[in-house]
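Colleague: Structure: data09.txt, compact mmCIF, C-alpha atoms and all ligand atoms.
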```txt
# COMPACT_ATOMS: atom_id res chain seq x y z
CA MET A 787 57.08 134.86 71.46
CA VAL A 788 54.32 133.11 69.54
CA VAL A 789 52.15 134.69 66.86
CA PHE A 790 48.90 132.98 65.81
CA GLN A 791 47.43 133.38 62.36
CA GLU A 792 44.18 133.11 64.16
CA ASP A 793 41.76 132.67 61.27
CA LEU A 794 43.55 129.43 60.28
CA CYS A 795 43.14 127.91 63.75
CA LYS A 796 40.75 124.97 64.14
CA GLY A 797 40.79 124.91 67.93
CA CYS A 798 42.17 121.36 68.07
CA SER A 799 44.24 122.19 71.18
CA LEU A 800 47.27 120.09 70.17
CA CYS A 801 49.45 123.19 70.75
CA VAL A 802 47.94 123.61 74.22
CA ASP A 803 48.90 120.00 75.09
CA ALA A 804 52.42 120.45 73.72
CA CYS A 805 53.42 123.66 75.52
CA PRO A 806 55.79 122.86 78.41
CA LYS A 807 55.08 126.27 79.97
CA HIS A 808 51.28 125.83 80.02
CA ILE A 809 50.73 129.30 78.61
CA LEU A 810 48.39 128.37 75.75
CA GLN A 811 44.63 127.93 75.95
CA ILE A 812 41.60 127.74 73.74
CA SER A 813 39.70 131.01 73.95
CA MET A 814 36.15 130.37 75.08
CA THR A 815 35.15 133.99 74.50
CA ARG A 816 36.20 134.42 70.86
CA ILE A 817 35.30 132.74 67.59
CA ASN A 818 37.36 133.03 64.39
CA LYS A 819 36.30 133.27 60.74
CA LYS A 820 36.12 129.49 60.45
CA GLY A 821 33.80 129.34 63.45
CA HIS A 822 36.32 127.78 65.82
CA HIS A 823 37.40 128.92 69.27
CA PRO A 824 41.04 129.79 68.52
CA ALA A 825 44.13 129.09 70.58
CA GLU A 826 45.78 132.01 72.36
CA CYS A 827 48.80 132.72 74.53
CA ILE A 828 48.06 133.99 78.01
CA ASP A 829 51.60 134.93 79.03
CA GLN A 830 54.14 135.75 76.29
CA GLU A 831 56.74 136.60 78.97
CA LYS A 832 56.98 132.93 79.91
CA CYS A 833 57.44 131.68 76.34
CA ILE A 834 60.82 130.00 75.84
CA SER A 835 60.46 129.84 72.01
CA CYS A 836 60.83 126.07 72.03
CA ALA A 837 58.35 125.79 69.11
CA PHE A 838 56.78 122.62 70.53
CA CYS A 839 53.37 124.22 69.89
CA ALA A 840 54.18 124.96 66.25
CA THR A 841 55.68 121.48 65.79
CA MET A 842 52.36 119.88 66.78
CA CYS A 843 50.06 122.37 65.03
CA PRO A 844 48.57 120.61 61.99
CA ASP A 845 47.58 123.88 60.34
CA CYS A 846 50.74 126.02 60.39
CA VAL A 847 48.95 128.63 62.50
CA ILE A 848 51.90 129.50 64.72
CA THR A 849 55.05 131.50 64.02
CA VAL A 850 57.64 131.46 66.79
CA GLU A 851 60.01 134.38 67.39
CA ARG A 852 62.87 134.71 69.81
CA MET B 103 64.56 136.25 65.05
CA THR B 104 62.04 133.80 63.60
CA VAL B 105 62.61 130.28 64.89
CA PHE B 106 59.56 128.66 63.28
CA LYS B 107 57.39 129.59 60.33
CA LYS B 108 55.38 127.91 57.61
CA PRO B 109 57.79 126.39 55.03
CA HIS B 110 58.12 127.92 51.56
CA ALA B 111 57.24 124.62 49.87
CA LEU B 112 53.66 124.96 51.19
CA THR B 113 51.32 127.39 49.45
CA ASP B 114 49.13 129.86 51.34
CA ALA B 115 46.04 127.69 50.81
CA PRO B 116 44.54 126.69 54.18
CA PHE B 117 44.30 122.92 54.69
CA HIS B 118 40.78 121.51 54.41
CA TYR B 119 41.56 118.74 56.92
CA CYS B 120 39.49 118.23 60.08
CA PRO B 121 40.64 119.83 63.37
CA GLY B 122 43.61 117.89 64.75
CA CYS B 123 44.13 115.83 61.60
CA THR B 124 47.84 115.06 61.39
CA HIS B 125 47.88 114.96 57.59
CA GLY B 126 48.72 118.66 58.15
CA ILE B 127 51.82 117.83 60.19
CA VAL B 128 53.04 115.36 57.55
CA HIS B 129 52.49 117.91 54.76
CA ARG B 130 54.52 120.43 56.71
CA LEU B 131 57.38 117.99 57.34
CA VAL B 132 57.60 117.06 53.66
CA ALA B 133 57.67 120.77 52.77
CA GLU B 134 60.29 121.56 55.41
CA VAL B 135 62.57 118.89 53.96
CA ILE B 136 62.01 120.19 50.40
CA ASP B 137 63.07 123.61 51.69
CA GLU B 138 66.09 122.26 53.52
CA LEU B 139 67.33 120.27 50.51
CA GLY B 140 66.60 123.20 48.16
CA ILE B 141 64.76 120.96 45.69
CA GLU B 142 61.41 122.74 45.28
CA GLY B 143 62.12 123.69 41.66
CA LYS B 144 62.73 120.12 40.53
CA THR B 145 60.34 118.19 42.77
CA VAL B 146 57.12 116.62 41.48
CA GLY B 147 54.59 115.20 43.93
CA VAL B 148 51.86 112.69 43.16
CA ALA B 149 48.66 113.19 45.17
CA PRO B 150 46.44 110.23 46.07
CA VAL B 151 42.74 109.55 46.26
CA GLY B 152 41.80 109.96 49.91
CA CYS B 153 41.61 112.93 52.26
CA ALA B 154 44.91 114.19 50.79
CA VAL B 155 43.41 114.28 47.29
CA MET B 156 43.87 118.05 47.20
CA ALA B 157 47.52 117.95 48.23
CA TYR B 158 48.26 119.50 44.82
CA ASP B 159 46.84 122.77 46.18
CA TYR B 160 49.07 122.71 49.23
CA PHE B 161 52.58 122.02 47.92
CA SER B 162 54.39 124.77 46.00
CA CYS B 163 56.34 122.30 43.84
CA ASP B 164 54.83 120.69 40.73
CA MET B 165 52.08 118.22 41.57
CA THR B 166 49.94 115.74 39.73
CA GLU B 167 47.11 113.41 40.66
CA ALA B 168 46.95 109.65 40.29
CA ALA B 169 43.98 107.30 40.10
CA HIS B 170 43.29 105.55 43.41
CA GLY B 171 46.38 103.55 44.48
CA ARG B 172 48.30 104.11 41.27
CA ALA B 173 50.67 106.84 42.51
CA PRO B 174 53.80 104.62 42.46
CA ALA B 175 53.11 103.73 38.82
CA VAL B 176 52.63 107.39 37.89
CA ALA B 177 55.77 108.30 39.86
CA THR B 178 57.70 105.56 38.04
CA GLY B 179 56.80 107.12 34.69
CA LEU B 180 57.64 110.64 35.84
CA LYS B 181 61.00 109.60 37.24
CA ARG B 182 62.03 107.45 34.28
CA ALA B 183 61.06 110.16 31.78
CA ASN B 184 62.75 112.94 33.75
CA PRO B 185 65.42 111.37 35.95
CA ASP B 186 66.59 114.81 37.14
CA ASN B 187 63.28 115.43 38.87
CA ILE B 188 62.74 114.40 42.49
CA VAL B 189 59.47 112.47 42.55
CA PHE B 190 57.42 111.63 45.62
CA THR B 191 54.02 110.10 46.27
CA TYR B 192 51.79 110.91 49.23
CA GLN B 193 49.31 108.10 49.90
CA GLY B 194 46.86 106.93 52.54
CA ASP B 195 46.47 103.36 53.74
CA GLY B 196 43.32 102.73 51.71
CA ASP B 197 45.21 104.01 48.69
CA LEU B 198 48.60 102.34 49.19
CA ALA B 199 47.75 99.20 51.18
CA SER B 200 44.42 98.24 49.63
CA ILE B 201 43.51 99.20 46.08
CA GLY B 202 47.14 100.06 45.25
CA THR B 203 48.95 97.14 46.88
CA ALA B 204 50.17 95.75 43.57
CA GLU B 205 51.72 99.07 42.49
CA THR B 206 53.36 99.45 45.91
CA VAL B 207 54.85 95.96 45.96
CA HIS B 208 56.17 96.08 42.40
CA ALA B 209 57.64 99.58 42.66
CA ALA B 210 59.48 98.34 45.77
CA ALA B 211 60.50 95.08 44.10
CA ARG B 212 61.97 97.04 41.15
CA ASN B 213 63.76 99.34 43.61
CA GLU B 214 62.29 102.20 41.60
CA ASN B 215 64.16 105.40 42.46
CA ILE B 216 61.16 107.21 43.96
CA THR B 217 60.13 108.39 47.43
CA VAL B 218 56.85 107.20 48.94
CA PHE B 219 55.09 108.72 51.95
CA PHE B 220 52.53 106.32 53.37
CA ILE B 221 50.07 107.90 55.79
CA ASN B 222 48.63 105.07 57.87
CA ASN B 223 45.63 106.22 59.89
CA ALA B 224 44.06 102.75 60.06
CA ILE B 225 40.89 103.90 58.29
CA TYR B 226 39.36 105.11 55.05
CA GLY B 227 39.10 108.74 56.16
CA MET B 228 37.72 110.48 53.11
CA THR B 229 34.81 108.14 52.47
CA GLY B 230 33.50 108.29 56.02
CA GLY B 231 35.44 105.84 58.14
CA GLN B 232 35.20 102.37 56.64
CA MET B 233 37.56 99.61 57.78
CA ALA B 234 40.92 99.63 56.00
CA PRO B 235 43.31 96.67 55.58
CA THR B 236 45.33 98.45 58.27
CA SER B 237 42.45 98.85 60.78
CA LEU B 238 43.39 97.16 64.06
CA VAL B 239 41.86 93.99 65.45
CA GLY B 240 38.83 95.07 67.47
CA GLN B 241 38.76 98.55 65.93
CA VAL B 242 35.23 99.89 65.54
CA THR B 243 34.63 101.45 62.13
CA GLN B 244 31.56 102.14 59.99
CA THR B 245 31.92 98.71 58.40
CA SER B 246 33.08 96.83 61.53
CA PRO B 247 30.57 98.15 64.11
CA TYR B 248 31.42 95.32 66.54
CA GLY B 249 35.16 95.76 66.02
CA ARG B 250 37.39 94.20 63.37
CA ASP B 251 37.03 90.43 63.60
CA PRO B 252 40.09 88.65 62.15
CA SER B 253 38.11 85.48 61.52
CA LEU B 254 36.02 87.47 59.03
CA CYS B 255 38.43 90.17 57.84
CA GLY B 256 41.90 88.81 58.44
CA TYR B 257 44.67 90.64 60.24
CA PRO B 258 45.92 94.19 59.60
CA VAL B 259 48.58 94.49 56.90
CA LYS B 260 52.08 95.53 57.98
CA ILE B 261 53.54 97.24 54.95
CA CYS B 262 57.10 97.90 56.19
CA GLU B 263 57.51 94.31 57.41
CA MET B 264 56.02 92.94 54.19
CA LEU B 265 58.16 95.03 51.81
CA GLY B 266 61.22 94.37 53.97
CA GLU B 267 61.21 90.77 52.79
CA LEU B 268 61.71 91.85 49.17
CA GLU B 269 65.22 92.00 47.76
CA GLY B 270 64.41 95.35 46.12
CA PRO B 271 63.79 98.33 48.37
CA GLU B 272 66.55 100.59 49.67
CA TYR B 273 64.89 102.10 52.71
CA LEU B 274 61.77 101.46 54.81
CA GLU B 275 61.02 103.22 58.09
CA ARG B 276 57.93 103.54 60.24
CA VAL B 277 57.47 106.75 62.23
CA ALA B 278 54.60 108.52 64.01
CA VAL B 279 53.55 112.16 64.36
CA ASN B 280 51.86 112.00 67.76
CA ASN B 281 54.35 113.94 69.88
CA VAL B 282 57.25 116.37 69.45
CA LYS B 283 59.94 113.69 69.69
CA ASN B 284 58.26 111.44 67.13
CA VAL B 285 57.67 114.38 64.77
CA LYS B 286 61.41 115.15 64.88
CA THR B 287 62.23 111.53 64.05
CA ALA B 288 59.67 111.64 61.23
CA TYR B 289 61.41 114.70 59.80
CA LYS B 290 64.74 112.86 59.69
CA ALA B 291 63.16 109.83 57.99
CA ILE B 292 61.49 112.02 55.36
CA LYS B 293 64.79 113.76 54.71
CA LYS B 294 66.61 110.47 54.31
CA ALA B 295 63.93 109.20 51.94
CA PHE B 296 64.47 112.23 49.67
CA GLN B 297 68.25 112.11 50.00
CA ASN B 298 68.29 108.46 48.92
CA GLN B 299 66.56 109.42 45.69
CA ILE B 300 68.98 112.29 45.09
CA ASP B 301 71.84 109.83 45.61
CA GLY B 302 70.25 107.33 43.21
CA ARG B 303 69.81 104.64 45.85
CA GLY B 304 66.29 103.56 44.96
CA PHE B 305 62.91 102.94 46.54
CA SER B 306 62.40 104.67 49.89
CA LEU B 307 59.15 104.48 51.83
CA VAL B 308 58.30 106.21 55.09
CA GLU B 309 55.18 104.90 56.83
CA VAL B 310 53.73 107.58 59.10
CA LEU B 311 51.26 106.58 61.83
CA SER B 312 48.78 109.44 61.68
CA ALA B 313 45.56 110.42 63.47
CA CYS B 314 42.03 110.56 62.08
CA PRO B 315 40.19 112.00 65.08
CA THR B 316 36.94 112.38 63.14
CA ASN B 317 36.53 108.78 62.07
CA TRP B 318 38.12 107.32 65.18
CA GLY B 319 35.45 109.16 67.20
CA LYS B 320 38.08 110.75 69.41
CA THR B 321 39.21 114.26 70.34
CA PRO B 322 42.48 115.28 68.66
CA SER B 323 44.33 114.81 71.98
CA GLU B 324 42.81 111.36 72.57
CA ALA B 325 43.64 110.38 69.01
CA LEU B 326 47.34 111.14 69.50
CA LYS B 327 47.32 109.00 72.66
CA TRP B 328 45.60 106.14 70.79
CA ILE B 329 48.57 106.07 68.39
CA ASP B 330 50.75 105.28 71.43
CA THR B 331 48.45 102.82 73.15
CA ALA B 332 46.91 100.96 70.20
CA MET B 333 48.79 101.59 66.97
CA ILE B 334 52.47 101.51 67.92
CA PRO B 335 52.19 98.17 69.79
CA TYR B 336 50.96 96.54 66.54
CA TYR B 337 52.99 98.73 64.18
CA PRO B 338 56.36 99.13 65.92
CA LEU B 339 58.35 102.22 64.95
CA GLY B 340 61.82 101.91 63.50
CA VAL B 341 63.96 101.26 60.44
CA TYR B 342 62.88 98.07 58.68
CA ARG B 343 65.39 98.26 55.90
CA ASP B 344 68.32 100.50 55.07
CA ARG B 345 70.45 98.62 52.60
CA THR B 346 73.28 101.15 52.53
CA ALA B 347 73.55 101.07 56.33
CA GLY B 348 73.33 97.26 56.33
CA ILE B 349 69.97 97.12 58.17
CA LEU B 350 68.09 94.15 56.70
CA PRO B 351 65.45 91.72 58.01
CA ASP B 352 66.78 88.55 59.68
CA SER B 353 65.99 86.45 56.62
CA PHE B 354 68.71 88.33 54.71
CA LYS B 355 71.40 87.80 57.31
CA GLU B 356 74.18 85.37 56.55
CA GLY B 357 73.53 81.76 57.45
CA THR B 358 69.74 82.08 57.38
CA VAL B 359 69.24 81.33 53.69
C1 LIG C 1 38.68 103.46 42.02
C2 LIG C 1 38.12 104.03 43.28
N1 LIG C 1 37.63 103.20 44.23
C3 LIG C 1 37.11 103.69 45.38
C4 LIG C 1 37.08 105.05 45.59
C5 LIG C 1 36.49 105.57 46.87
N2 LIG C 1 37.52 106.04 47.81
C6 LIG C 1 37.86 107.33 47.87
S1 LIG C 1 39.01 107.64 49.05
C7 LIG C 1 39.05 106.01 49.50
C8 LIG C 1 39.93 105.52 50.62
C9 LIG C 1 40.67 106.59 51.33
O1 LIG C 1 41.37 106.07 52.41
P1 LIG C 1 42.91 106.33 52.61
O2 LIG C 1 43.66 106.03 51.39
O3 LIG C 1 43.30 105.56 53.83
O4 LIG C 1 43.03 107.89 52.84
P2 LIG C 1 42.57 108.80 54.08
O5 LIG C 1 41.34 109.48 53.60
O6 LIG C 1 42.35 107.91 55.26
O7 LIG C 1 43.72 109.73 54.28
C10 LIG C 1 38.18 105.26 48.73
C11 LIG C 1 37.96 103.81 48.90
C12 LIG C 1 37.58 105.89 44.57
N3 LIG C 1 37.61 107.23 44.72
N4 LIG C 1 38.09 105.36 43.44
S1 LIG C 2 57.17 128.25 71.87
FE1 LIG C 2 57.23 126.73 73.55
S2 LIG C 2 56.88 127.93 75.40
FE2 LIG C 2 56.30 129.25 73.69
S3 LIG C 2 54.08 128.94 73.52
FE3 LIG C 2 55.07 127.48 72.10
S4 LIG C 2 55.29 125.61 73.28
FE4 LIG C 2 54.86 127.24 74.76
S1 LIG C 3 47.40 123.33 67.22
FE1 LIG C 3 47.11 124.91 65.65
S2 LIG C 3 45.01 124.62 64.90
FE2 LIG C 3 45.19 123.45 66.80
S3 LIG C 3 44.46 124.88 68.40
FE3 LIG C 3 46.68 125.15 68.27
S4 LIG C 3 46.99 126.83 66.81
FE4 LIG C 3 44.88 126.11 66.57
S1 LIG C 4 38.47 112.38 57.89
FE1 LIG C 4 40.24 111.81 59.14
S2 LIG C 4 42.00 111.74 57.72
FE2 LIG C 4 40.32 112.87 56.69
S3 LIG C 4 40.73 115.04 57.15
FE3 LIG C 4 39.30 114.28 58.71
S4 LIG C 4 40.61 113.61 60.41
FE4 LIG C 4 41.92 113.80 58.59
MG MG C 5 43.50 106.23 55.73
```
Render the structure in this file as structure tokens.
Ligand SMILES: Cc1ncc(C[n+]2csc(CCOP(=O)(O)OP(=O)(O)O)c2C)c(N)n1
Ligand code: SF4
Ligand code: SF4
Ligand code: SF4
Ligand SMILES: [Mg+2]

Modeller:
Amino acid sequence: MVVFQEDLCKGCSLCVDACPKHILQISMTRINKKGHHPAECIDQEKCISCAFCATMCPDCVITVER
Amino acid sequence: MTVFKKPHALTDAPFHYCPGCTHGIVHRLVAEVIDELGIEGKTVGVAPVGCAVMAYDYFSCDMTEAAHGRAPAVATGLKRANPDNIVFTYQGDGDLASIGTAETVHAAARNENITVFFINNAIYGMTGGQMAPTSLVGQVTQTSPYGRDPSLCGYPVKICEMLGELEGPEYLERVAVNNVKNVKTAYKAIKKAFQNQIDGRGFSLVEVLSACPTNWGKTPSEALKWIDTAMIPYYPLGVYRDRTAGILPDSFKEGTV
């Protein structure tokens, strides 16, 4: 399972590119405190907790749980 | 169970870097290694002039600031005065490979027992994207609008190769942070660079090929690809020197001198 500290997200989408399960996306309907469209997970069930997303996130937004 | 969280050696301050700027990944890797080695209490970092100028806000260990390019000289003083401290510098390419070249070369030549992280993004990021000594041939920057022309500006400086020819340094490796595999390799190099200092082995420098999407005029995803297609071919990844492991440039091999 992935948890986003959403207000730190800058919407760079590097986590989206890194996820092998293709379950991350940039939300086009929400805007965070910084004014960015934040990343979100669309299917936590499919998450394999590989932490590829968190490895590529430059802003330590993501915590990964198993 | 938590399998990934922000390391303790980073403070809660949010990074000011641009979206997709991989300075953030390198900060995190340095902090993860400080956590793993359990050295936060005795580590002192030296922040540069450049986009990472505020690194002192981001690391939980002691930090200081050096004048542009002078971090290895400041680190030398810190380490010699307090040999029990673990001292690292964090420097951009404008800082380390341009205005600070002399400090870099001589700290390496003296095999000073410090750890240097060299963030090569082939540009002066902080000041708005001017050409750096490390900008690639043909690279368009604010001060090379038609692309870097070697007949006017010379060729990009290869720091690991250059320092490798010195007798002094213990360890030189070039890594990149543009995909998961490379980030894992970068972590190992950063760890080794700290461990060498703990073991008293001397000057260790890790050059990290890093993205500046803003001044490259690319999206963060395109910028990571450009590291693969443009940077790595000119700046090959790998260990350039590891004296303890016997990895030395050809000129040091028997029969060549
Ligand atoms: C003595 C001095 N000369 C010039 C500057 C202007 N200056 C600030 S940052 C910088 C270069 C930054 O580039 P780099 O070291 O590559 O760091 P980046 O921002 O790309 O991470 C320069 C030339 C300065 N602050 N001080
Ligand atoms: S932990 Fe792995 S599977 Fe889960 S969201 Fe991140 S990259 Fe995707
Ligand atoms: S990599 Fe980090 S900052 Fe970038 S979109 Fe994903 S969570 Fe946000
Ligand atoms: S200007 Fe470049 S190096 Fe500086 S924070 Fe922005 S992306 Fe990073
Ligand atoms: Mg730079």

Colleague: Give as an MDAnalysis selection string the residues surrounding ligand LIG 1 (chain C) up to a distance of 6 Å, considering only C-alpha atoms and all ligand atoms.

Modeller: chainID B and resid 151:154 170 194:197 223 225:229

Colleague: Give me a file of those residues, with C-alpha atoms, as a PDB file, in the frame of the given file.

Modeller:
```
ATOM      1  CA  VAL B 151      42.740 109.550  46.260  1.00  0.00           C
ATOM      2  CA  GLY B 152      41.800 109.960  49.910  1.00  0.00           C
ATOM      3  CA  CYS B 153      41.610 112.930  52.260  1.00  0.00           C
ATOM      4  CA  ALA B 154      44.910 114.190  50.790  1.00  0.00           C
ATOM      5  CA  HIS B 170      43.290 105.550  43.410  1.00  0.00           C
ATOM      6  CA  GLY B 194      46.860 106.930  52.540  1.00  0.00           C
ATOM      7  CA  ASP B 195      46.470 103.360  53.740  1.00  0.00           C
ATOM      8  CA  GLY B 196      43.320 102.730  51.710  1.00  0.00           C
ATOM      9  CA  ASP B 197      45.210 104.010  48.690  1.00  0.00           C
ATOM     10  CA  ASN B 223      45.630 106.220  59.890  1.00  0.00           C
ATOM     11  CA  ILE B 225      40.890 103.900  58.290  1.00  0.00           C
ATOM     12  CA  TYR B 226      39.360 105.110  55.050  1.00  0.00           C
ATOM     13  CA  GLY B 227      39.100 108.740  56.160  1.00  0.00           C
ATOM     14  CA  MET B 228      37.720 110.480  53.110  1.00  0.00           C
ATOM     15  CA  THR B 229      34.810 108.140  52.470  1.00  0.00           C
TER      16      THR B 229
END
```

Colleague: Using only C-alpha atoms, determine which residues lie at most 7 Å from range 199-209 of chain B, disregarding the query and same-chain residues fewer than 3 positions distant; provide the list as a ChimeraX atom specification.

Modeller: /B:170-172,174-175,195-196,212-214,235,265

Colleague: Please report, as a tab-separated table, each residue of range 251-281 of chain B lying at most 12 Å from range 793-812 of chain A, together with the nearest pair of atoms and the separation in Å rounded to one decimal; use all atoms listed in the file, and order rows by chain and ascending residue number.

Modeller:
```
residue	atom	partner	partner_atom	distance
B:Val279	CA	A:Leu800	CA	11.7
B:Asn280	CA	A:Leu800	CA	9.6
B:Asn281	CA	A:Ala804	CA	7.8
```

Colleague: Dump C-alpha atoms for the selected residues as an mmCIF file, in the frame of the given file?

Modeller:
```
data_model
loop_
_atom_site.group_PDB
_atom_site.id
_atom_site.type_symbol
_atom_site.label_atom_id
_atom_site.label_comp_id
_atom_site.auth_asym_id
_atom_site.auth_seq_id
_atom_site.Cartn_x
_atom_site.Cartn_y
_atom_site.Cartn_z
ATOM 1 C CA VAL B 279 53.550 112.160 64.360
ATOM 2 C CA ASN B 280 51.860 112.000 67.760
ATOM 3 C CA ASN B 281 54.350 113.940 69.880
#
```

Colleague: Could you please tell me, as a PDB file with C-alpha atoms, in the coordinates of the input, which residues of chain B have an atom within 6 Å of chain A when using all atoms listed in the file?

Modeller:
```
ATOM      1  CA  MET B 103      64.560 136.250  65.050  1.00  0.00           C
ATOM      2  CA  THR B 104      62.040 133.800  63.600  1.00  0.00           C
ATOM      3  CA  VAL B 105      62.610 130.280  64.890  1.00  0.00           C
ATOM      4  CA  PHE B 106      59.560 128.660  63.280  1.00  0.00           C
ATOM      5  CA  LYS B 107      57.390 129.590  60.330  1.00  0.00           C
ATOM      6  CA  LYS B 108      55.380 127.910  57.610  1.00  0.00           C
ATOM      7  CA  PRO B 121      40.640 119.830  63.370  1.00  0.00           C
ATOM      8  CA  GLY B 122      43.610 117.890  64.750  1.00  0.00           C
ATOM      9  CA  THR B 124      47.840 115.060  61.390  1.00  0.00           C
ATOM     10  CA  GLY B 126      48.720 118.660  58.150  1.00  0.00           C
ATOM     11  CA  ILE B 127      51.820 117.830  60.190  1.00  0.00           C
TER      12      ILE B 127
END
```

Colleague: What is the CA of Gln193 in chain B to CA of Ser253 in chain B distance in Å?

Modeller: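 Taking CA of Gln193 in chain B as the start and CA of Ser253 in chain B as the end point, the length is 27.8 Å.
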
Colleague: Residues at most 6 Å from ligand LIG 4 (chain C), using all atoms listed in the file? Could they come as a list in words?

Modeller: Tyr119, Cys120, Cys123, Cys153, Gly227, Met228, Cys314, Pro315, Thr316 and Asn317 of chain B

Colleague: Provide the CA of Tyr192 in chain B to CA of Pro824 in chain A distance in Å, to one decimal place.

Modeller: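 Between these atoms lies a distance of 29.1 Å.
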
Colleague: For a test of reading the model, state the distance in Å between CA of Glu826 in chain A and CA of Ser813 in chain A, rounded to one decimal.

Modeller: 6.4 Å

Colleague: Quick one: of B:Gly231, B:Pro252, B:Gly240, B:Gly147, who's nearest to Asp159 in chain B, counting all atoms listed in the file?

Modeller: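 Closest candidate: B:Gly147.
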
Colleague: With a distance cut-off of 8 Å and only C-alpha atoms, select the neighbouring residues of Val135 in chain B, excluding the residue or stretch itself and same-chain residues fewer than 6 positions from it, and output the selection as a count of residues only.

Modeller: 3

Colleague: Please report, as lines of an AutoDock Vina configuration file, the centre and edge lengths in Å to one decimal of an axis-aligned box covering all listed atoms of range 817-832 of chain A with 6 Å per side.

Modeller:
```
center_x = 45.4
center_y = 132.2
center_z = 70.2
size_x = 35.2
size_y = 20.8
size_z = 31.5
```

Colleague: What lies within 12 Å of Asp251 in chain B using all atoms listed in the file, ignoring chain neighbours under 3 positions off, as a count of residues only?

Modeller: 18

Colleague: Taking all atoms listed in the file into account, name the residue in B:Arg250, B:Glu134, B:Asn298, B:Ser323 that is nearest to ligand LIG 3 (chain C).

Modeller: B:Ser323

Colleague: Considering all atoms listed in the file, return as a list in words whatever protein or nucleic-acid residues lie within 10 Å of Gly143 in chain B, sequence-local ones (same chain, fewer than 5 positions apart) excluded.

Modeller: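 Contacts, with the query itself left out: Ala111, Ile136, Ser162, Cys163, Asp164, Asn187 and Ile188 of chain B.
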
Colleague: Within 10 Å of Leu350 in chain B, counting all atoms listed in the file, which residues show up once you throw out same-chain ones fewer than 2 positions away? Write them as a ChimeraX atom specification, please.

Modeller: /B:266-267,269,272-274,341-348,352-355

Colleague: Which residue out of B:Ala325, B:Leu339, B:Leu198, B:Val282 has the minimum interatomic distance to ligand MG 5 (chain C) when all atoms listed in the file are used?

Modeller: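 Of all the options, B:Leu198 lies closest to ligand MG 5 (chain C).
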